[in-house]
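Source file run.tsv; content: TSV, C-alpha atoms.
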chain	number	residue	atom	x	y	z
A	1	MET	CA	104.91	100.82	81.82
A	2	ARG	CA	101.71	102.46	83.01
A	3	LEU	CA	99.60	100.89	85.78
A	4	PHE	CA	96.61	102.29	87.67
A	5	LEU	CA	95.91	99.94	90.58
A	6	SER	CA	93.10	100.73	92.96
A	7	SER	CA	90.96	99.24	95.67
A	8	TYR	CA	87.68	100.22	94.02
A	9	ARG	CA	87.25	101.47	90.47
A	10	PHE	CA	88.79	104.93	90.03
A	11	GLY	CA	89.31	105.53	93.74
A	12	ALA	CA	89.40	109.28	94.31
A	13	HIS	CA	91.67	109.82	91.31
A	14	ALA	CA	89.76	109.41	88.07
A	15	ASP	CA	91.51	112.55	86.84
A	16	ARG	CA	94.88	110.81	87.09
A	17	LEU	CA	93.70	107.90	84.96
A	18	LEU	CA	92.46	110.32	82.33
A	19	ALA	CA	95.81	112.11	82.41
A	20	MET	CA	97.59	108.80	81.80
A	21	ILE	CA	95.32	107.95	78.87
A	22	GLY	CA	94.79	111.32	77.24
A	23	GLU	CA	91.45	111.43	75.47
A	24	PRO	CA	89.12	108.61	76.59
A	25	GLY	CA	88.43	106.05	73.88
A	26	ARG	CA	88.11	102.30	73.56
A	27	VAL	CA	88.69	100.20	76.67
A	28	ALA	CA	88.88	96.41	76.95
A	29	VAL	CA	86.93	95.28	80.02
A	30	ILE	CA	88.07	92.01	81.59
A	31	ALA	CA	85.67	90.65	84.21
A	32	ASN	CA	86.98	87.11	84.63
A	33	ALA	CA	87.58	87.57	88.35
A	34	CYS	CA	83.80	86.95	88.55
A	35	ASP	CA	83.83	83.64	86.65
A	36	ALA	CA	83.00	81.63	89.77
A	37	TRP	CA	79.74	83.54	90.13
A	38	PRO	CA	77.85	82.90	86.86
A	39	SER	CA	74.53	84.26	88.10
A	40	ALA	CA	76.18	87.59	88.97
A	41	TRP	CA	78.63	87.81	86.06
A	42	GLN	CA	76.60	89.96	83.70
A	43	SER	CA	75.41	92.36	86.38
A	44	ALA	CA	79.00	92.75	87.57
A	45	VAL	CA	80.10	93.64	84.06
A	46	THR	CA	77.23	96.06	83.58
A	47	SER	CA	78.03	97.80	86.85
A	48	ASP	CA	81.45	98.74	85.43
A	49	LEU	CA	80.29	99.70	81.94
A	50	PHE	CA	78.15	102.58	83.17
A	51	PRO	CA	80.87	104.53	85.04
A	52	LEU	CA	83.29	104.00	82.17
A	53	ARG	CA	80.78	105.34	79.68
A	54	ARG	CA	80.05	108.33	81.93
A	55	MET	CA	83.74	109.23	81.72
A	56	GLY	CA	83.61	109.10	77.93
A	57	PHE	CA	85.10	105.65	77.36
A	58	ALA	CA	83.78	103.11	74.86
A	59	PRO	CA	84.01	99.79	76.76
A	60	GLU	CA	84.18	96.42	75.02
A	61	VAL	CA	84.10	93.17	77.02
A	62	VAL	CA	87.00	90.79	76.37
A	63	ASP	CA	86.19	87.41	77.95
A	64	LEU	CA	89.39	85.45	78.60
A	65	ARG	CA	87.44	82.18	78.53
A	66	GLU	CA	87.18	82.63	74.77
A	67	TYR	CA	90.99	82.66	74.49
A	68	VAL	CA	92.03	79.62	76.52
A	69	GLY	CA	95.13	78.27	74.79
A	70	ARG	CA	94.95	81.08	72.22
A	71	ALA	CA	97.44	83.66	73.48
A	72	ALA	CA	98.29	84.94	70.00
A	73	ALA	CA	94.61	85.59	69.30
A	74	LEU	CA	94.28	87.39	72.63
A	75	GLU	CA	97.24	89.61	71.82
A	76	ARG	CA	95.67	90.52	68.49
A	77	ALA	CA	92.37	91.28	70.27
A	78	LEU	CA	94.02	93.57	72.84
A	79	THR	CA	96.35	95.33	70.45
A	80	GLY	CA	94.92	98.74	69.64
A	81	PHE	CA	93.15	99.25	72.96
A	82	PRO	CA	94.73	102.19	74.78
A	83	LEU	CA	93.31	100.93	78.08
A	84	VAL	CA	92.58	97.57	79.67
A	85	TRP	CA	90.18	97.66	82.63
A	86	VAL	CA	90.29	94.60	84.93
A	87	ARG	CA	87.57	94.53	87.56
A	88	GLY	CA	87.53	92.91	90.98
A	89	GLY	CA	86.23	89.57	92.13
A	90	ASN	CA	88.29	86.53	93.12
A	91	THR	CA	92.02	87.12	92.65
A	92	PHE	CA	92.81	83.42	92.35
A	93	VAL	CA	90.18	82.86	89.66
A	94	LEU	CA	91.50	85.87	87.75
A	95	ARG	CA	95.09	84.61	88.01
A	96	ALA	CA	94.04	81.20	86.70
A	97	GLN	CA	92.22	82.74	83.74
A	98	PHE	CA	95.23	84.94	82.99
A	99	ALA	CA	97.38	81.80	82.84
A	100	ARG	CA	94.92	79.72	80.79
A	101	SER	CA	94.49	82.43	78.16
A	102	GLY	CA	98.08	83.66	78.17
A	103	ALA	CA	96.94	87.09	79.37
A	104	ASP	CA	99.75	87.08	81.93
A	105	VAL	CA	102.36	86.94	79.17
A	106	VAL	CA	100.42	89.06	76.66
A	107	LEU	CA	99.68	91.92	79.06
A	108	THR	CA	103.24	91.92	80.38
A	109	ARG	CA	104.56	92.19	76.84
A	110	LEU	CA	102.15	94.99	75.88
A	111	LEU	CA	102.93	96.90	79.08
A	112	GLU	CA	106.67	96.57	78.57
A	113	ARG	CA	106.18	98.11	75.11
A	114	ASP	CA	104.01	100.84	76.72
A	115	ALA	CA	101.31	99.88	74.22
A	116	LEU	CA	98.48	100.42	76.71
A	117	VAL	CA	97.53	101.41	80.24
A	118	TYR	CA	96.46	98.68	82.67
A	119	ALA	CA	93.79	99.78	85.16
A	120	GLY	CA	92.79	97.14	87.68
A	121	TYR	CA	90.92	97.29	90.94
A	122	SER	CA	90.72	94.87	93.85
A	123	ALA	CA	91.52	91.47	92.28
A	124	GLY	CA	92.58	93.30	89.12
A	125	ALA	CA	95.20	95.13	91.18
A	126	CYS	CA	96.26	92.22	93.40
A	127	VAL	CA	97.04	89.97	90.44
A	128	MET	CA	99.87	92.32	89.42
A	129	THR	CA	101.79	91.71	92.67
A	130	PRO	CA	104.58	89.11	93.14
A	131	ASP	CA	102.79	86.71	95.50
A	132	LEU	CA	99.15	85.99	96.33
A	133	HIS	CA	99.76	84.30	99.70
A	134	GLY	CA	97.64	85.96	102.36
A	135	LEU	CA	94.78	86.78	100.01
A	136	GLU	CA	93.21	83.40	100.76
A	137	SER	CA	91.85	85.09	103.88
A	138	MET	CA	89.76	87.32	101.59
A	139	ASP	CA	89.26	85.27	98.39
A	140	ASP	CA	88.54	81.54	98.22
A	141	PRO	CA	91.16	79.62	96.19
A	142	GLY	CA	88.72	76.71	96.06
A	143	GLU	CA	86.62	78.60	93.53
A	144	VAL	CA	89.38	78.12	90.95
A	145	GLY	CA	88.63	74.43	90.50
A	146	THR	CA	84.93	75.09	89.95
A	147	ALA	CA	85.40	78.02	87.59
A	148	CYS	CA	88.54	77.01	85.72
A	149	GLY	CA	89.11	73.28	86.24
A	150	VAL	CA	92.71	73.80	87.37
A	151	GLU	CA	94.61	74.20	90.62
A	152	PRO	CA	95.04	77.72	92.01
A	153	ARG	CA	98.29	79.56	91.40
A	154	TRP	CA	99.98	81.55	94.13
A	155	ASP	CA	102.24	83.73	92.01
A	156	GLY	CA	101.16	87.08	90.65
A	157	LEU	CA	102.54	88.78	87.56
A	158	GLY	CA	105.16	90.62	89.62
A	159	LEU	CA	104.81	93.95	87.83
A	160	VAL	CA	104.88	95.74	91.19
A	161	ASP	CA	107.19	94.75	94.01
A	162	ARG	CA	104.85	94.16	96.96
A	163	PRO	CA	101.41	92.86	97.93
A	164	ILE	CA	98.32	95.05	97.75
A	165	VAL	CA	95.61	94.88	100.40
A	166	PRO	CA	92.39	96.38	98.99
A	167	HIS	CA	89.25	97.63	100.74
A	168	LEU	CA	90.93	98.79	103.94
A	169	ASP	CA	88.18	99.94	106.34
A	170	SER	CA	85.67	99.74	103.50
A	171	PRO	CA	81.92	99.06	103.86
A	172	THR	CA	82.54	96.21	101.40
A	173	ASP	CA	84.65	94.50	104.10
A	174	PRO	CA	82.37	94.45	107.16
A	175	ASP	CA	84.39	91.67	108.83
A	176	GLY	CA	87.64	93.65	108.70
A	177	LEU	CA	89.53	91.00	106.71
A	178	SER	CA	91.72	93.58	105.02
A	179	ARG	CA	92.73	95.09	108.37
A	180	LYS	CA	93.63	91.61	109.66
A	181	LEU	CA	95.77	90.93	106.59
A	182	VAL	CA	97.58	94.23	107.13
A	183	ARG	CA	98.34	93.16	110.70
A	184	ASP	CA	99.69	89.83	109.42
A	185	TYR	CA	101.95	91.56	106.89
A	186	LEU	CA	103.20	93.99	109.54
A	187	ALA	CA	103.93	91.13	111.95
A	188	ALA	CA	105.88	89.32	109.24
A	189	GLY	CA	107.74	92.47	108.20
A	190	THR	CA	106.31	92.24	104.68
A	191	PRO	CA	106.30	95.54	102.76
A	192	HIS	CA	102.86	96.11	101.27
A	193	TRP	CA	100.37	98.71	100.15
A	194	ALA	CA	97.15	98.95	102.17
A	195	LEU	CA	94.55	100.77	100.10
A	196	THR	CA	91.29	102.33	101.14
A	197	ASP	CA	88.68	102.61	98.42
A	198	ASP	CA	90.05	106.12	97.68
A	199	HIS	CA	93.69	105.11	97.24
A	200	VAL	CA	95.46	104.27	93.99
A	201	VAL	CA	98.93	102.94	93.19
A	202	VAL	CA	100.21	104.53	89.98
A	203	VAL	CA	103.20	103.28	88.02
A	204	ASP	CA	104.15	105.68	85.25
A	205	GLY	CA	107.45	104.82	83.64
A	206	GLU	CA	110.11	104.64	86.34
A	207	ARG	CA	107.95	106.38	88.94
A	208	THR	CA	105.68	104.58	91.44
A	209	GLU	CA	103.45	106.55	93.81
A	210	VAL	CA	100.49	105.96	96.10
A	211	LEU	CA	97.70	108.50	95.70
A	212	THR	CA	95.69	108.94	98.89

How does this structure look as C-alpha cells?
Amino acid sequence: MRLFLSSYRFGAHADRLLAMIGEPGRVAVIANACDAWPSAWQSAVTSDLFPLRRMGFAPEVVDLREYVGRAAALERALTGFPLVWVRGGNTFVLRAQFARSGADVVLTRLLERDALVYAGYSAGACVMTPDLHGLESMDDPGEVGTACGVEPRWDGLGLVDRPIVPHLDSPTDPDGLSRKLVRDYLAAGTPHWALTDDHVVVVDGERTEVLT
C-alpha cells in the first residue's frame, strides 16, 4: 500500500511523491470534497490541475457524483491510473461521496493490490483515518445533507491508524482551529499526526513515516 497524505498539496516533499510513482503520467483527480460549494468547484479543480501539470502529470477529473451506486464502473474508471489525487475541502462531504460511489471499497481494494498510489491532502488525507470525530470543529457536517442528501458518516477508511490534523499554524487557518484540535487530542490522550503545510505522512509498504 502506498499513501501520500499531506496538509496542503505536495507539502515540502514533491520529490518523495515522484519517487513513489516513478515517471509522472496519468492521474485521476477527485475533487468531491468541494461538492458543497458549487460556485467554487471548478476553480478549486483548476487550482490543482496546474501544479500537477507543472510536475509532468496528465490529470483527468473523476467526479464521484457520476458513479453513485456504480462501484464496478468506478473501479473500471480508476484501474490503470498509477496515481489518484484527492484534494481538500469538507472531509464529511468527501466521506459521504466515497460511500455513495463505492470509492471507499474500490480504493481500499486497489491500494491493497498496490495497483496505484493514493495522494490526498487536507480532507483527502483525513478521510483515510479511522475516525472523523473532532474534525467537526474545522469542517461542517451539515454540508453533507445539502451536497449529498444523506446523513454524515463519522468513520474514515481506516487505512492509517490515527487522526490527522491538517493546516497546523497555517495562514489558511487564521482562527487556530487546528491548534485547538491538537490540544483536544492531547488532553484525551489520542495519538494523532499534526501536520503543518510542509509535512507529509507516507505509507510505503510496511513502513509509515512523517516527513517534516

All residues 7 Å or closer to A:Ala36, all atoms listed in the file, same chain fewer than 2 positions away omitted, as a list of chain:residue names: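 My list of contacting residues is A:Cys34, A:Pro38, A:Glu143, A:Thr146, A:Ala147.
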
I'd like the neighbourhood of A:Asp114 as JSON, numbers by chain, where a residue qualifies if any of its atoms comes within 9 Å (using only C-alpha atoms), though same-chain residues fewer than 4 positions away should be ignored. {"A": [1, 2, 109, 110, 205]}

Do you know which residues are at most 6 Å from stretch 90-107 of chain A counting all atoms listed in the file, after dropping those on the same chain fewer than 5 positions away, and could you put them as number ranges by chain? A: 32-33, 64, 67-69, 71, 75, 123, 139, 141, 144

Within 10 Å of stretch 25-31 of chain A, which residues of stretch 49-70 of chain A show up? Give each one with its shortest atom-to-atom distance in Å (one decimal) and the two atoms involved, counting all atoms listed in the file, rows by chain then rising residue number, as JSON lines.
{"residue": "A:Leu49", "atom": "CA", "partner": "A:Val29", "partner_atom": "CA", "distance": 8.2}
{"residue": "A:Leu52", "atom": "CA", "partner": "A:Val27", "partner_atom": "CA", "distance": 8.6}
{"residue": "A:Arg53", "atom": "CA", "partner": "A:Gly25", "partner_atom": "CA", "distance": 9.6}
{"residue": "A:Met55", "atom": "CA", "partner": "A:Gly25", "partner_atom": "CA", "distance": 9.7}
{"residue": "A:Gly56", "atom": "CA", "partner": "A:Gly25", "partner_atom": "CA", "distance": 7.0}
{"residue": "A:Phe57", "atom": "CA", "partner": "A:Gly25", "partner_atom": "CA", "distance": 4.8}
{"residue": "A:Ala58", "atom": "CA", "partner": "A:Arg26", "partner_atom": "CA", "distance": 4.6}
{"residue": "A:Pro59", "atom": "CA", "partner": "A:Val27", "partner_atom": "CA", "distance": 4.7}
{"residue": "A:Glu60", "atom": "CA", "partner": "A:Ala28", "partner_atom": "CA", "distance": 5.1}
{"residue": "A:Val61", "atom": "CA", "partner": "A:Val29", "partner_atom": "CA", "distance": 4.6}
{"residue": "A:Val62", "atom": "CA", "partner": "A:Ile30", "partner_atom": "CA", "distance": 5.5}
{"residue": "A:Asp63", "atom": "CA", "partner": "A:Ile30", "partner_atom": "CA", "distance": 6.2}
{"residue": "A:Leu64", "atom": "CA", "partner": "A:Ile30", "partner_atom": "CA", "distance": 7.3}

List as a list in words the residues having at least one atom at most 9 Å from position (92.1, 97.1, 82.9) as given in the file, counting only C-alpha atoms. Leu3, Phe4, Val27, Ala28, Val29, Ile30, Leu83, Val84, Trp85, Val86, Arg87, Val117, Tyr118, Ala119, Gly120, Tyr121 and Gly124 of chain A

Which residues of stretch 37-146 of chain A have any atom within 12 Å of an atom in stretch 189-192 of chain A when counting all atoms listed in the file, and what is the closest pair of atoms for each, with the distance in Å to one decimal? Order the rows by chain and rising number and write it as a tab-separated table.
residue	atom	partner	partner_atom	distance
A:Cys126	CA	A:His192	CA	11.0
A:Thr129	CA	A:His192	CA	9.7
A:Pro130	CA	A:His192	CA	10.9
A:Asp131	CA	A:His192	CA	11.0
A:Leu132	CA	A:His192	CA	11.9
A:His133	CA	A:Thr190	CA	11.4
A:Gly134	CA	A:Thr190	CA	11.0

Just checking: using all atoms listed in the file, which residue out of A:Pro82, A:Val203, A:Lys180, A:Ser7 ends up closest to A:Glu23? A:Pro82

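Each of A:Ala187, A:Pro171, A:Arg76, A:Gly89 was checked against A:Trp41 using all atoms listed in the file; the smallest atom-to-atom distance is that of A:Gly89.
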
Calculated over all atoms listed in the file, which of the candidates A:Ser39, A:Ser178, A:Ser170, A:Thr108 has the smallest distance to A:Glu136? A:Ser178

From A:Asp140, A:Asp48, A:Asp169, A:Asp161, residue lying nearest A:His199 [all atoms listed in the file]: A:Asp169

Atom CA of A:Val182 to atom CA of A:Gly11: how many Å, to one decimal?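 Spanning atom CA of A:Val182 to atom CA of A:Gly11 is a straight-line distance of 19.4 Å.
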
Box along x, y and z, 4 Å on every side, all listed atoms of stretch 63-78 of chain A inside: centre and edge lengths in Å to one decimal, as JSON.
{"center_x": 92.2, "center_y": 85.9, "center_z": 73.5, "size_x": 20.1, "size_y": 23.3, "size_z": 18.1}

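Closest approach to A:Arg9 among A:Pro174, A:Gly142, A:Gly88, A:Pro152 is made by A:Gly88 (distances from all atoms listed in the file).
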
Using all atoms listed in the file, can you tell me which of A:Thr208, A:Ala115, A:Asp35, A:Thr79 comes closest to A:Arg65?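 Nearest to A:Arg65: A:Asp35.
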
What does the distance from atom CA of A:Tyr8 to atom CA of A:Cys148 come to in Å, to one decimal?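 Separation of atom CA of A:Tyr8 and atom CA of A:Cys148: 24.7 Å.
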
Between atom CA of A:Ala125 and atom CA of A:Leu177, what is the distance in Å, rounded to a tenth? 17.0 Å

Fill-in result for stretch 59-85 of chain A, N, CA, C and O atoms as a PDB file, in the coordinates of the input:
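The result, written out as part_15.pdb:
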ATOM      1  N   PRO A  59      83.560 101.101  76.270  1.00  0.00           N
ATOM      2  CA  PRO A  59      84.010  99.790  76.760  1.00  0.00           C
ATOM      3  C   PRO A  59      83.569  98.637  75.867  1.00  0.00           C
ATOM      4  O   PRO A  59      82.471  98.640  75.312  1.00  0.00           O
ATOM      5  N   GLU A  60      84.452  97.657  75.745  1.00  0.00           N
ATOM      6  CA  GLU A  60      84.180  96.420  75.020  1.00  0.00           C
ATOM      7  C   GLU A  60      84.645  95.257  75.893  1.00  0.00           C
ATOM      8  O   GLU A  60      85.794  95.236  76.338  1.00  0.00           O
ATOM      9  N   VAL A  61      83.764  94.303  76.155  1.00  0.00           N
ATOM     10  CA  VAL A  61      84.100  93.170  77.020  1.00  0.00           C
ATOM     11  C   VAL A  61      84.996  92.197  76.259  1.00  0.00           C
ATOM     12  O   VAL A  61      84.689  91.790  75.135  1.00  0.00           O
ATOM     13  N   VAL A  62      86.111  91.834  76.885  1.00  0.00           N
ATOM     14  CA  VAL A  62      87.000  90.790  76.370  1.00  0.00           C
ATOM     15  C   VAL A  62      86.976  89.662  77.401  1.00  0.00           C
ATOM     16  O   VAL A  62      87.480  89.818  78.518  1.00  0.00           O
ATOM     17  N   ASP A  63      86.363  88.543  77.042  1.00  0.00           N
ATOM     18  CA  ASP A  63      86.190  87.410  77.950  1.00  0.00           C
ATOM     19  C   ASP A  63      87.351  86.430  77.736  1.00  0.00           C
ATOM     20  O   ASP A  63      87.462  85.808  76.675  1.00  0.00           O
ATOM     21  N   LEU A  64      88.203  86.302  78.733  1.00  0.00           N
ATOM     22  CA  LEU A  64      89.390  85.450  78.600  1.00  0.00           C
ATOM     23  C   LEU A  64      89.037  83.984  78.377  1.00  0.00           C
ATOM     24  O   LEU A  64      89.857  83.227  77.853  1.00  0.00           O
ATOM     25  N   ARG A  65      87.836  83.572  78.751  1.00  0.00           N
ATOM     26  CA  ARG A  65      87.440  82.180  78.530  1.00  0.00           C
ATOM     27  C   ARG A  65      87.373  81.847  77.042  1.00  0.00           C
ATOM     28  O   ARG A  65      87.477  80.675  76.663  1.00  0.00           O
ATOM     29  N   GLU A  66      87.207  82.847  76.216  1.00  0.00           N
ATOM     30  CA  GLU A  66      87.180  82.630  74.770  1.00  0.00           C
ATOM     31  C   GLU A  66      88.573  82.488  74.169  1.00  0.00           C
ATOM     32  O   GLU A  66      88.711  82.199  72.978  1.00  0.00           O
ATOM     33  N   TYR A  67      89.618  82.683  74.993  1.00  0.00           N
ATOM     34  CA  TYR A  67      90.990  82.660  74.490  1.00  0.00           C
ATOM     35  C   TYR A  67      91.858  81.630  75.188  1.00  0.00           C
ATOM     36  O   TYR A  67      93.095  81.701  75.096  1.00  0.00           O
ATOM     37  N   VAL A  68      91.243  80.662  75.850  1.00  0.00           N
ATOM     38  CA  VAL A  68      92.030  79.620  76.520  1.00  0.00           C
ATOM     39  C   VAL A  68      92.887  78.898  75.492  1.00  0.00           C
ATOM     40  O   VAL A  68      92.389  78.390  74.483  1.00  0.00           O
ATOM     41  N   GLY A  69      94.200  78.896  75.730  1.00  0.00           N
ATOM     42  CA  GLY A  69      95.130  78.270  74.790  1.00  0.00           C
ATOM     43  C   GLY A  69      95.336  79.042  73.512  1.00  0.00           C
ATOM     44  O   GLY A  69      95.937  78.516  72.565  1.00  0.00           O
ATOM     45  N   ARG A  70      94.875  80.293  73.459  1.00  0.00           N
ATOM     46  CA  ARG A  70      94.950  81.080  72.220  1.00  0.00           C
ATOM     47  C   ARG A  70      95.584  82.451  72.520  1.00  0.00           C
ATOM     48  O   ARG A  70      95.010  83.497  72.265  1.00  0.00           O
ATOM     49  N   ALA A  71      96.794  82.415  73.062  1.00  0.00           N
ATOM     50  CA  ALA A  71      97.440  83.660  73.480  1.00  0.00           C
ATOM     51  C   ALA A  71      97.674  84.607  72.308  1.00  0.00           C
ATOM     52  O   ALA A  71      97.526  85.836  72.454  1.00  0.00           O
ATOM     53  N   ALA A  72      98.037  84.071  71.158  1.00  0.00           N
ATOM     54  CA  ALA A  72      98.290  84.940  70.000  1.00  0.00           C
ATOM     55  C   ALA A  72      97.008  85.663  69.585  1.00  0.00           C
ATOM     56  O   ALA A  72      97.040  86.856  69.238  1.00  0.00           O
ATOM     57  N   ALA A  73      95.887  84.956  69.640  1.00  0.00           N
ATOM     58  CA  ALA A  73      94.610  85.590  69.300  1.00  0.00           C
ATOM     59  C   ALA A  73      94.253  86.657  70.328  1.00  0.00           C
ATOM     60  O   ALA A  73      93.722  87.725  69.977  1.00  0.00           O
ATOM     61  N   LEU A  74      94.549  86.391  71.598  1.00  0.00           N
ATOM     62  CA  LEU A  74      94.280  87.390  72.630  1.00  0.00           C
ATOM     63  C   LEU A  74      95.135  88.632  72.412  1.00  0.00           C
ATOM     64  O   LEU A  74      94.639  89.763  72.544  1.00  0.00           O
ATOM     65  N   GLU A  75      96.378  88.444  72.061  1.00  0.00           N
ATOM     66  CA  GLU A  75      97.240  89.610  71.820  1.00  0.00           C
ATOM     67  C   GLU A  75      96.720  90.437  70.655  1.00  0.00           C
ATOM     68  O   GLU A  75      96.709  91.670  70.716  1.00  0.00           O
ATOM     69  N   ARG A  76      96.257  89.770  69.614  1.00  0.00           N
ATOM     70  CA  ARG A  76      95.670  90.520  68.490  1.00  0.00           C
ATOM     71  C   ARG A  76      94.420  91.271  68.944  1.00  0.00           C
ATOM     72  O   ARG A  76      94.184  92.409  68.522  1.00  0.00           O
ATOM     73  N   ALA A  77      93.613  90.639  69.809  1.00  0.00           N
ATOM     74  CA  ALA A  77      92.370  91.280  70.270  1.00  0.00           C
ATOM     75  C   ALA A  77      92.661  92.508  71.114  1.00  0.00           C
ATOM     76  O   ALA A  77      91.918  93.499  71.044  1.00  0.00           O
ATOM     77  N   LEU A  78      93.722  92.454  71.935  1.00  0.00           N
ATOM     78  CA  LEU A  78      94.020  93.570  72.840  1.00  0.00           C
ATOM     79  C   LEU A  78      94.834  94.670  72.178  1.00  0.00           C
ATOM     80  O   LEU A  78      94.820  95.808  72.651  1.00  0.00           O
ATOM     81  N   THR A  79      95.539  94.322  71.123  1.00  0.00           N
ATOM     82  CA  THR A  79      96.350  95.330  70.450  1.00  0.00           C
ATOM     83  C   THR A  79      95.444  96.399  69.846  1.00  0.00           C
ATOM     84  O   THR A  79      94.466  96.102  69.168  1.00  0.00           O
ATOM     85  N   GLY A  80      95.746  97.634  70.128  1.00  0.00           N
ATOM     86  CA  GLY A  80      94.920  98.740  69.640  1.00  0.00           C
ATOM     87  C   GLY A  80      94.050  99.358  70.707  1.00  0.00           C
ATOM     88  O   GLY A  80      93.536 100.464  70.533  1.00  0.00           O
ATOM     89  N   PHE A  81      93.855  98.648  71.832  1.00  0.00           N
ATOM     90  CA  PHE A  81      93.150  99.250  72.960  1.00  0.00           C
ATOM     91  C   PHE A  81      94.135 100.122  73.736  1.00  0.00           C
ATOM     92  O   PHE A  81      95.178  99.618  74.177  1.00  0.00           O
ATOM     93  N   PRO A  82      93.835 101.376  73.962  1.00  0.00           N
ATOM     94  CA  PRO A  82      94.730 102.190  74.780  1.00  0.00           C
ATOM     95  C   PRO A  82      94.632 101.887  76.268  1.00  0.00           C
ATOM     96  O   PRO A  82      95.528 102.244  77.034  1.00  0.00           O
ATOM     97  N   LEU A  83      93.543 101.208  76.668  1.00  0.00           N
ATOM     98  CA  LEU A  83      93.310 100.930  78.080  1.00  0.00           C
ATOM     99  C   LEU A  83      92.696  99.553  78.246  1.00  0.00           C
ATOM    100  O   LEU A  83      91.784  99.176  77.498  1.00  0.00           O
ATOM    101  N   VAL A  84      93.204  98.816  79.229  1.00  0.00           N
ATOM    102  CA  VAL A  84      92.580  97.570  79.670  1.00  0.00           C
ATOM    103  C   VAL A  84      92.091  97.784  81.099  1.00  0.00           C
ATOM    104  O   VAL A  84      92.848  98.256  81.956  1.00  0.00           O
ATOM    105  N   TRP A  85      90.826  97.460  81.328  1.00  0.00           N
ATOM    106  CA  TRP A  85      90.180  97.660  82.630  1.00  0.00           C
ATOM    107  C   TRP A  85      89.854  96.278  83.199  1.00  0.00           C
ATOM    108  O   TRP A  85      89.083  95.517  82.607  1.00  0.00           O
TER     109      TRP A  85
END
